[in-house]
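Novice: So here's data.cif, just mmCIF, N, CA and C atoms:
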```cif
data_my_file
loop_
_atom_site.label_atom_id
_atom_site.label_comp_id
_atom_site.auth_asym_id
_atom_site.auth_seq_id
_atom_site.Cartn_x
_atom_site.Cartn_y
_atom_site.Cartn_z
N MET A 71 -80.44 23.67 -13.60
CA MET A 71 -79.29 24.19 -14.32
C MET A 71 -79.77 25.22 -15.34
N GLY A 72 -78.95 26.28 -15.51
CA GLY A 72 -79.28 27.32 -16.46
C GLY A 72 -78.84 26.94 -17.85
N ASP A 73 -79.22 27.75 -18.81
CA ASP A 73 -78.82 27.57 -20.20
C ASP A 73 -77.31 27.77 -20.29
N PRO A 74 -76.56 26.76 -20.80
CA PRO A 74 -75.09 26.87 -20.86
C PRO A 74 -74.61 28.09 -21.65
N MET A 75 -75.32 28.44 -22.72
CA MET A 75 -74.91 29.59 -23.54
C MET A 75 -75.08 30.89 -22.75
N GLU A 76 -76.23 31.00 -22.06
CA GLU A 76 -76.48 32.19 -21.24
C GLU A 76 -75.46 32.29 -20.11
N ASP A 77 -75.14 31.15 -19.50
CA ASP A 77 -74.17 31.13 -18.41
C ASP A 77 -72.80 31.58 -18.91
N ARG A 78 -72.41 31.13 -20.09
CA ARG A 78 -71.11 31.52 -20.66
C ARG A 78 -71.08 33.03 -20.93
N GLN A 79 -72.17 33.56 -21.47
CA GLN A 79 -72.24 35.00 -21.75
C GLN A 79 -72.19 35.80 -20.44
N ARG A 80 -72.89 35.29 -19.44
CA ARG A 80 -72.89 35.97 -18.14
C ARG A 80 -71.49 35.95 -17.54
N LEU A 81 -70.81 34.80 -17.66
CA LEU A 81 -69.45 34.68 -17.14
C LEU A 81 -68.51 35.63 -17.88
N GLU A 82 -68.63 35.67 -19.20
CA GLU A 82 -67.78 36.55 -19.99
C GLU A 82 -68.01 38.02 -19.59
N SER A 83 -69.24 38.37 -19.38
CA SER A 83 -69.59 39.73 -18.96
C SER A 83 -69.00 40.04 -17.58
N MET A 84 -69.10 39.08 -16.67
CA MET A 84 -68.56 39.27 -15.31
C MET A 84 -67.04 39.42 -15.36
N VAL A 85 -66.38 38.60 -16.15
CA VAL A 85 -64.91 38.66 -16.25
C VAL A 85 -64.48 39.99 -16.84
N ASN A 86 -65.18 40.44 -17.88
CA ASN A 86 -64.86 41.74 -18.49
C ASN A 86 -65.03 42.87 -17.49
N GLU A 87 -66.12 42.81 -16.74
CA GLU A 87 -66.39 43.83 -15.73
C GLU A 87 -65.30 43.82 -14.65
N LEU A 88 -64.94 42.62 -14.17
CA LEU A 88 -63.90 42.51 -13.14
C LEU A 88 -62.56 43.02 -13.67
N ASN A 89 -62.24 42.71 -14.91
CA ASN A 89 -60.99 43.19 -15.51
C ASN A 89 -60.98 44.72 -15.60
N ALA A 90 -62.11 45.30 -15.97
CA ALA A 90 -62.20 46.77 -16.06
C ALA A 90 -62.01 47.40 -14.69
N TYR A 91 -62.65 46.82 -13.68
CA TYR A 91 -62.48 47.35 -12.32
C TYR A 91 -61.05 47.17 -11.83
N GLN A 92 -60.42 46.05 -12.19
CA GLN A 92 -59.03 45.81 -11.79
C GLN A 92 -58.11 46.86 -12.42
N GLN A 93 -58.34 47.17 -13.69
CA GLN A 93 -57.54 48.20 -14.36
C GLN A 93 -57.75 49.57 -13.70
N GLN A 94 -58.98 49.86 -13.37
CA GLN A 94 -59.31 51.12 -12.70
C GLN A 94 -58.60 51.20 -11.34
N ALA A 95 -58.58 50.09 -10.63
CA ALA A 95 -57.91 50.04 -9.33
C ALA A 95 -56.41 50.28 -9.48
N GLU A 96 -55.82 49.69 -10.52
CA GLU A 96 -54.38 49.87 -10.75
C GLU A 96 -54.05 51.32 -11.08
N VAL A 97 -54.89 51.96 -11.89
CA VAL A 97 -54.67 53.38 -12.24
C VAL A 97 -54.80 54.24 -10.98
N LEU A 98 -55.81 53.98 -10.18
CA LEU A 98 -55.98 54.73 -8.93
C LEU A 98 -54.77 54.56 -8.02
N GLN A 99 -54.26 53.34 -7.91
CA GLN A 99 -53.10 53.09 -7.06
C GLN A 99 -51.89 53.87 -7.56
N GLN A 100 -51.70 53.91 -8.87
CA GLN A 100 -50.59 54.69 -9.45
C GLN A 100 -50.75 56.18 -9.13
N GLN A 101 -51.97 56.67 -9.22
CA GLN A 101 -52.23 58.08 -8.92
C GLN A 101 -51.98 58.37 -7.44
N ILE A 102 -52.37 57.45 -6.58
CA ILE A 102 -52.13 57.61 -5.14
C ILE A 102 -50.63 57.61 -4.86
N ASP A 103 -49.90 56.71 -5.52
CA ASP A 103 -48.43 56.67 -5.35
C ASP A 103 -47.80 57.98 -5.78
N SER A 104 -48.29 58.54 -6.88
CA SER A 104 -47.78 59.82 -7.37
C SER A 104 -48.10 60.94 -6.38
N LEU A 105 -49.30 60.94 -5.84
CA LEU A 105 -49.68 61.93 -4.82
C LEU A 105 -48.78 61.80 -3.60
N ASN A 106 -48.51 60.57 -3.17
CA ASN A 106 -47.64 60.36 -2.01
C ASN A 106 -46.25 60.95 -2.25
N ALA A 107 -45.73 60.77 -3.46
CA ALA A 107 -44.40 61.31 -3.78
C ALA A 107 -44.43 62.84 -3.74
N THR A 108 -45.48 63.44 -4.27
CA THR A 108 -45.59 64.90 -4.26
C THR A 108 -45.75 65.42 -2.84
N ILE A 109 -46.54 64.74 -2.02
CA ILE A 109 -46.72 65.15 -0.62
C ILE A 109 -45.38 65.07 0.12
N THR A 110 -44.61 64.04 -0.15
CA THR A 110 -43.28 63.90 0.46
C THR A 110 -42.38 65.06 0.03
N GLU A 111 -42.41 65.40 -1.26
CA GLU A 111 -41.61 66.53 -1.76
C GLU A 111 -42.00 67.83 -1.06
N LEU A 112 -43.31 68.03 -0.88
CA LEU A 112 -43.77 69.24 -0.20
C LEU A 112 -43.29 69.27 1.26
N SER A 113 -43.29 68.11 1.90
CA SER A 113 -42.80 68.04 3.29
C SER A 113 -41.32 68.38 3.36
N VAL A 114 -40.54 67.87 2.41
CA VAL A 114 -39.10 68.17 2.37
C VAL A 114 -38.89 69.67 2.13
N ALA A 115 -39.66 70.24 1.21
CA ALA A 115 -39.55 71.68 0.94
C ALA A 115 -39.87 72.49 2.20
N MET A 116 -40.90 72.09 2.91
CA MET A 116 -41.30 72.79 4.14
C MET A 116 -40.18 72.70 5.18
N ASP A 117 -39.62 71.51 5.37
CA ASP A 117 -38.52 71.33 6.33
C ASP A 117 -37.31 72.18 5.94
N THR A 118 -37.01 72.21 4.65
CA THR A 118 -35.87 72.99 4.17
C THR A 118 -36.08 74.48 4.42
N LEU A 119 -37.27 74.96 4.12
CA LEU A 119 -37.56 76.38 4.36
C LEU A 119 -37.44 76.72 5.85
N SER A 120 -37.91 75.85 6.69
CA SER A 120 -37.80 76.09 8.14
C SER A 120 -36.34 76.11 8.59
N THR A 121 -35.54 75.26 8.00
CA THR A 121 -34.13 75.14 8.38
C THR A 121 -33.30 76.33 7.91
N ILE A 122 -33.54 76.82 6.71
CA ILE A 122 -32.67 77.87 6.15
C ILE A 122 -33.08 79.29 6.52
N LYS A 123 -34.28 79.49 7.02
CA LYS A 123 -34.74 80.85 7.31
C LYS A 123 -33.75 81.54 8.25
N GLY A 124 -33.26 82.69 7.83
CA GLY A 124 -32.34 83.48 8.65
C GLY A 124 -30.92 82.95 8.68
N GLU A 125 -30.58 82.02 7.83
CA GLU A 125 -29.25 81.41 7.82
C GLU A 125 -28.38 81.97 6.68
N ASP A 126 -28.42 83.28 6.46
CA ASP A 126 -27.61 83.90 5.41
C ASP A 126 -26.13 83.61 5.64
N ASN A 127 -25.40 83.57 4.52
CA ASN A 127 -23.94 83.38 4.51
C ASN A 127 -23.49 82.02 5.03
N LYS A 128 -24.39 81.06 5.06
CA LYS A 128 -24.03 79.69 5.43
C LYS A 128 -23.70 78.92 4.16
N GLU A 129 -22.78 77.98 4.27
CA GLU A 129 -22.42 77.14 3.14
C GLU A 129 -23.44 76.00 3.02
N THR A 130 -23.79 75.67 1.77
CA THR A 130 -24.75 74.60 1.54
C THR A 130 -24.41 73.87 0.24
N LEU A 131 -25.01 72.74 0.04
CA LEU A 131 -24.84 71.96 -1.18
C LEU A 131 -26.11 72.10 -2.03
N VAL A 132 -25.93 72.34 -3.32
CA VAL A 132 -27.05 72.45 -4.23
C VAL A 132 -26.96 71.30 -5.23
N PRO A 133 -27.96 70.43 -5.29
CA PRO A 133 -27.90 69.30 -6.24
C PRO A 133 -27.98 69.80 -7.68
N ILE A 134 -27.12 69.24 -8.53
CA ILE A 134 -27.13 69.61 -9.96
C ILE A 134 -27.42 68.40 -10.84
N GLY A 135 -27.74 67.26 -10.23
CA GLY A 135 -28.09 66.06 -10.98
C GLY A 135 -27.00 65.01 -10.93
N ALA A 136 -27.37 63.77 -11.18
CA ALA A 136 -26.45 62.62 -11.23
C ALA A 136 -25.63 62.49 -9.96
N GLY A 137 -26.22 62.81 -8.82
CA GLY A 137 -25.52 62.68 -7.54
C GLY A 137 -24.41 63.69 -7.35
N SER A 138 -24.44 64.78 -8.12
CA SER A 138 -23.42 65.82 -8.03
C SER A 138 -24.00 67.08 -7.39
N PHE A 139 -23.12 67.84 -6.71
CA PHE A 139 -23.57 69.03 -5.98
C PHE A 139 -22.61 70.19 -6.19
N LEU A 140 -23.13 71.40 -6.10
CA LEU A 140 -22.31 72.61 -6.05
C LEU A 140 -22.21 73.03 -4.59
N ILE A 141 -21.04 73.47 -4.18
CA ILE A 141 -20.91 74.05 -2.85
C ILE A 141 -21.14 75.54 -3.03
N THR A 142 -22.11 76.06 -2.31
CA THR A 142 -22.47 77.47 -2.48
C THR A 142 -22.79 78.09 -1.13
N GLU A 143 -22.94 79.41 -1.13
CA GLU A 143 -23.25 80.14 0.09
C GLU A 143 -24.63 80.77 -0.05
N LEU A 144 -25.44 80.65 0.98
CA LEU A 144 -26.77 81.25 0.96
C LEU A 144 -26.65 82.76 1.08
N LYS A 145 -27.31 83.50 0.18
CA LYS A 145 -27.24 84.97 0.20
C LYS A 145 -28.53 85.59 0.71
N ASN A 146 -29.67 84.99 0.37
CA ASN A 146 -30.96 85.56 0.76
C ASN A 146 -31.85 84.42 1.25
N THR A 147 -32.06 84.38 2.54
CA THR A 147 -32.92 83.32 3.08
C THR A 147 -34.25 83.87 3.58
N GLU A 148 -34.60 85.04 3.10
CA GLU A 148 -35.90 85.62 3.45
C GLU A 148 -36.91 85.41 2.33
N ASP A 149 -36.42 85.27 1.10
CA ASP A 149 -37.28 85.10 -0.07
C ASP A 149 -36.99 83.76 -0.73
N VAL A 150 -38.01 83.23 -1.40
CA VAL A 150 -37.86 81.96 -2.10
C VAL A 150 -38.74 82.00 -3.36
N ILE A 151 -38.31 81.31 -4.40
CA ILE A 151 -39.14 81.16 -5.60
C ILE A 151 -39.92 79.86 -5.43
N ILE A 152 -41.23 79.95 -5.54
CA ILE A 152 -42.08 78.77 -5.31
C ILE A 152 -42.92 78.49 -6.55
N GLY A 153 -42.94 77.22 -6.94
CA GLY A 153 -43.74 76.79 -8.08
C GLY A 153 -45.20 76.69 -7.71
N LEU A 154 -46.06 77.22 -8.58
CA LEU A 154 -47.50 77.17 -8.35
C LEU A 154 -48.19 76.16 -9.26
N GLY A 155 -47.43 75.57 -10.18
CA GLY A 155 -47.99 74.62 -11.13
C GLY A 155 -48.07 75.24 -12.51
N ALA A 156 -48.19 74.41 -13.51
CA ALA A 156 -48.30 74.83 -14.92
C ALA A 156 -47.13 75.71 -15.34
N GLY A 157 -45.95 75.46 -14.76
CA GLY A 157 -44.76 76.21 -15.12
C GLY A 157 -44.70 77.62 -14.55
N VAL A 158 -45.62 77.94 -13.64
CA VAL A 158 -45.67 79.27 -13.04
C VAL A 158 -44.96 79.24 -11.68
N ALA A 159 -44.05 80.22 -11.47
CA ALA A 159 -43.34 80.33 -10.20
C ALA A 159 -43.36 81.80 -9.77
N VAL A 160 -43.42 82.02 -8.46
CA VAL A 160 -43.44 83.39 -7.93
C VAL A 160 -42.47 83.51 -6.77
N LYS A 161 -42.01 84.74 -6.54
CA LYS A 161 -41.13 85.03 -5.42
C LYS A 161 -42.01 85.35 -4.21
N LYS A 162 -41.71 84.68 -3.09
CA LYS A 162 -42.49 84.90 -1.86
C LYS A 162 -41.56 84.94 -0.67
N LYS A 163 -42.02 85.58 0.38
CA LYS A 163 -41.34 85.51 1.66
C LYS A 163 -41.45 84.07 2.16
N ILE A 164 -40.48 83.63 2.91
CA ILE A 164 -40.46 82.23 3.35
C ILE A 164 -41.74 81.85 4.09
N ASP A 165 -42.22 82.69 4.99
CA ASP A 165 -43.44 82.34 5.74
C ASP A 165 -44.65 82.21 4.81
N ASP A 166 -44.72 83.09 3.80
CA ASP A 166 -45.82 83.01 2.82
C ASP A 166 -45.69 81.73 1.99
N ALA A 167 -44.47 81.40 1.63
CA ALA A 167 -44.22 80.17 0.86
C ALA A 167 -44.63 78.95 1.68
N LYS A 168 -44.30 78.97 2.96
CA LYS A 168 -44.68 77.84 3.83
C LYS A 168 -46.20 77.71 3.91
N ASP A 169 -46.91 78.84 3.95
CA ASP A 169 -48.38 78.81 3.95
C ASP A 169 -48.90 78.19 2.65
N THR A 170 -48.32 78.59 1.53
CA THR A 170 -48.73 78.05 0.24
C THR A 170 -48.48 76.55 0.17
N ILE A 171 -47.31 76.13 0.63
CA ILE A 171 -46.98 74.70 0.62
C ILE A 171 -47.94 73.93 1.52
N THR A 172 -48.26 74.49 2.68
CA THR A 172 -49.21 73.83 3.59
C THR A 172 -50.57 73.66 2.92
N GLU A 173 -51.03 74.69 2.20
CA GLU A 173 -52.31 74.61 1.50
C GLU A 173 -52.26 73.54 0.41
N GLN A 174 -51.17 73.53 -0.37
CA GLN A 174 -51.03 72.53 -1.43
C GLN A 174 -51.04 71.12 -0.83
N LYS A 175 -50.29 70.96 0.23
CA LYS A 175 -50.19 69.65 0.87
C LYS A 175 -51.55 69.19 1.40
N THR A 176 -52.29 70.10 2.02
CA THR A 176 -53.62 69.76 2.55
C THR A 176 -54.56 69.34 1.42
N GLU A 177 -54.55 70.09 0.30
CA GLU A 177 -55.41 69.74 -0.84
C GLU A 177 -55.05 68.35 -1.37
N LEU A 178 -53.75 68.07 -1.49
CA LEU A 178 -53.33 66.76 -2.01
C LEU A 178 -53.68 65.63 -1.04
N GLU A 179 -53.55 65.88 0.25
CA GLU A 179 -53.90 64.86 1.24
C GLU A 179 -55.39 64.55 1.20
N GLU A 180 -56.23 65.59 1.00
CA GLU A 180 -57.67 65.38 0.89
C GLU A 180 -58.00 64.57 -0.37
N LEU A 181 -57.33 64.90 -1.47
CA LEU A 181 -57.53 64.17 -2.72
C LEU A 181 -57.09 62.71 -2.55
N ARG A 182 -55.96 62.51 -1.88
CA ARG A 182 -55.46 61.14 -1.65
C ARG A 182 -56.47 60.34 -0.83
N GLU A 183 -57.07 60.96 0.19
CA GLU A 183 -58.07 60.27 1.01
C GLU A 183 -59.28 59.86 0.17
N LYS A 184 -59.74 60.77 -0.71
CA LYS A 184 -60.88 60.44 -1.56
C LYS A 184 -60.52 59.30 -2.51
N MET A 185 -59.34 59.37 -3.10
CA MET A 185 -58.92 58.32 -4.03
C MET A 185 -58.74 56.99 -3.32
N SER A 186 -58.23 57.03 -2.10
CA SER A 186 -58.06 55.79 -1.32
C SER A 186 -59.41 55.17 -1.00
N ALA A 187 -60.39 56.02 -0.69
CA ALA A 187 -61.74 55.51 -0.41
C ALA A 187 -62.34 54.88 -1.67
N ASP A 188 -62.13 55.54 -2.83
CA ASP A 188 -62.61 54.98 -4.09
C ASP A 188 -61.94 53.64 -4.38
N LEU A 189 -60.63 53.58 -4.15
CA LEU A 189 -59.88 52.34 -4.38
C LEU A 189 -60.41 51.23 -3.48
N GLN A 190 -60.70 51.56 -2.24
CA GLN A 190 -61.22 50.56 -1.31
C GLN A 190 -62.59 50.04 -1.77
N LYS A 191 -63.45 50.94 -2.27
CA LYS A 191 -64.77 50.51 -2.77
C LYS A 191 -64.61 49.56 -3.96
N ILE A 192 -63.71 49.92 -4.88
CA ILE A 192 -63.49 49.07 -6.06
C ILE A 192 -62.95 47.71 -5.64
N THR A 193 -62.00 47.72 -4.72
CA THR A 193 -61.40 46.47 -4.24
C THR A 193 -62.45 45.59 -3.57
N GLN A 194 -63.31 46.19 -2.77
CA GLN A 194 -64.38 45.43 -2.10
C GLN A 194 -65.34 44.84 -3.13
N TYR A 195 -65.65 45.60 -4.17
CA TYR A 195 -66.54 45.11 -5.21
C TYR A 195 -65.92 43.90 -5.92
N ILE A 196 -64.62 44.03 -6.25
CA ILE A 196 -63.92 42.93 -6.91
C ILE A 196 -63.92 41.69 -6.02
N MET A 197 -63.66 41.89 -4.74
CA MET A 197 -63.62 40.76 -3.80
C MET A 197 -65.00 40.11 -3.65
N LYS A 198 -66.05 40.92 -3.79
CA LYS A 198 -67.41 40.38 -3.69
C LYS A 198 -67.78 39.61 -4.96
N LYS A 199 -67.42 40.15 -6.11
CA LYS A 199 -67.85 39.57 -7.38
C LYS A 199 -66.97 38.40 -7.86
N SER A 200 -65.70 38.38 -7.48
CA SER A 200 -64.80 37.31 -7.94
C SER A 200 -65.30 35.92 -7.57
N PRO A 201 -65.73 35.69 -6.33
CA PRO A 201 -66.25 34.34 -6.01
C PRO A 201 -67.50 33.97 -6.83
N GLU A 202 -68.32 34.96 -7.15
CA GLU A 202 -69.50 34.68 -7.98
C GLU A 202 -69.06 34.20 -9.36
N ALA A 203 -68.04 34.87 -9.92
CA ALA A 203 -67.54 34.46 -11.24
C ALA A 203 -66.92 33.07 -11.17
N GLU A 204 -66.18 32.82 -10.10
CA GLU A 204 -65.56 31.49 -9.93
C GLU A 204 -66.62 30.41 -9.80
N GLU A 205 -67.67 30.69 -9.07
CA GLU A 205 -68.75 29.73 -8.88
C GLU A 205 -69.44 29.44 -10.22
N LEU A 206 -69.67 30.48 -10.99
CA LEU A 206 -70.31 30.31 -12.29
C LEU A 206 -69.40 29.50 -13.22
N MET A 207 -68.09 29.73 -13.16
CA MET A 207 -67.16 28.98 -14.00
C MET A 207 -67.19 27.50 -13.61
N LYS A 208 -67.23 27.20 -12.33
CA LYS A 208 -67.31 25.80 -11.89
C LYS A 208 -68.60 25.16 -12.38
N GLN A 209 -69.68 25.92 -12.32
CA GLN A 209 -70.97 25.42 -12.77
C GLN A 209 -70.93 25.12 -14.28
N ILE A 210 -70.32 26.00 -15.04
CA ILE A 210 -70.23 25.79 -16.50
C ILE A 210 -69.36 24.56 -16.79
N GLU A 211 -68.23 24.45 -16.09
CA GLU A 211 -67.33 23.31 -16.29
C GLU A 211 -68.02 22.00 -15.91
N GLY A 212 -68.90 22.05 -14.91
CA GLY A 212 -69.63 20.86 -14.49
C GLY A 212 -70.67 20.44 -15.51
N GLU A 213 -71.15 21.38 -16.33
CA GLU A 213 -72.18 21.09 -17.35
C GLU A 213 -71.55 20.45 -18.59
N GLU A 214 -70.23 20.66 -18.77
CA GLU A 214 -69.59 20.15 -19.99
C GLU A 214 -69.35 18.66 -19.92
#
```
Mind turning this structure into structure tokens?

Specialist:
Amino acid sequence: MGDPMEDRQRLESMVNELNAYQQQAEVLQQQIDSLNATITELSVAMDTLSTIKGEDNKETLVPIGAGSFLITELKNTEDVIIGLGAGVAVKKKIDDAKDTITEQKTELEELREKMSADLQKITQYIMKKSPEAEELMKQIEGEE
């Protein structure tokens, strides 16, 4: 049997480490969820651009918030204002905008894959170390 004081310190250290990794995993999961939402928005934008191209003078609904819409007519379906981030937006031809959206989406998907791999590594580490902490806790409880 090991020194009970050393075992308690080791257990406390392991629990603190596992808690830190658990918090890190939760933050990563939130970031992945946020990336998924942005990727979905980009997909919707891409579909919309594909649908409206060349559809001048068609009636459409424009969301204004709280489940309310304006009924409006499309006047120019060749150009679109596209957000580039940091509050910057530029006017682009629809095909150029689609290229930009595709690039943004690809970058975010690559980032999501890296973050998912990191999350998996953290989760595996937690799953490996948790039984060790539980075993040490049983050992300490058996010494009391």

Novice: Near A:Lys168, counting only C-alpha atoms, which residues have an atom at most 9 Å away, once you skip same-chain residues fewer than 3 positions from it, shown as a list in words?

Specialist: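 Answer for this query is Ala115, Met116, Leu119, Ser120, Lys163, Ile164, Asp165, Ile171, Thr172 and Glu173 of chain A.
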
Novice: As a list in words, please: every residue in stretch 71-143 of chain A that a backbone DSSP assignment puts in strand (DSSP E).

Specialist: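 Residues meeting the strand (DSSP E) criterion: Glu129, Thr130, Leu131, Val132, Pro133, Ile134, Gly135, Ser138, Phe139, Leu140, Ile141, Thr142 and Glu143 of chain A.
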
Novice: Suppose a student applies the PyMOL selection byres ((chain A and resi 150) around 8) to this structure; what residues should they get, written as number ranges by chain?

Specialist: A: 146-149, 151-153, 159-165, 167

Novice: Let me make sure I understand: among A:Thr130, A:Thr176, A:Thr142, A:Ser186, which one has the smallest atom-to-atom distance to A:Gln99 if we use all atoms listed in the file?

Specialist: A:Ser186

Novice: To one decimal place, how far is atom C of A:Leu112 from atom C of A:Asp126 in Å?

Specialist: 22.8 Å
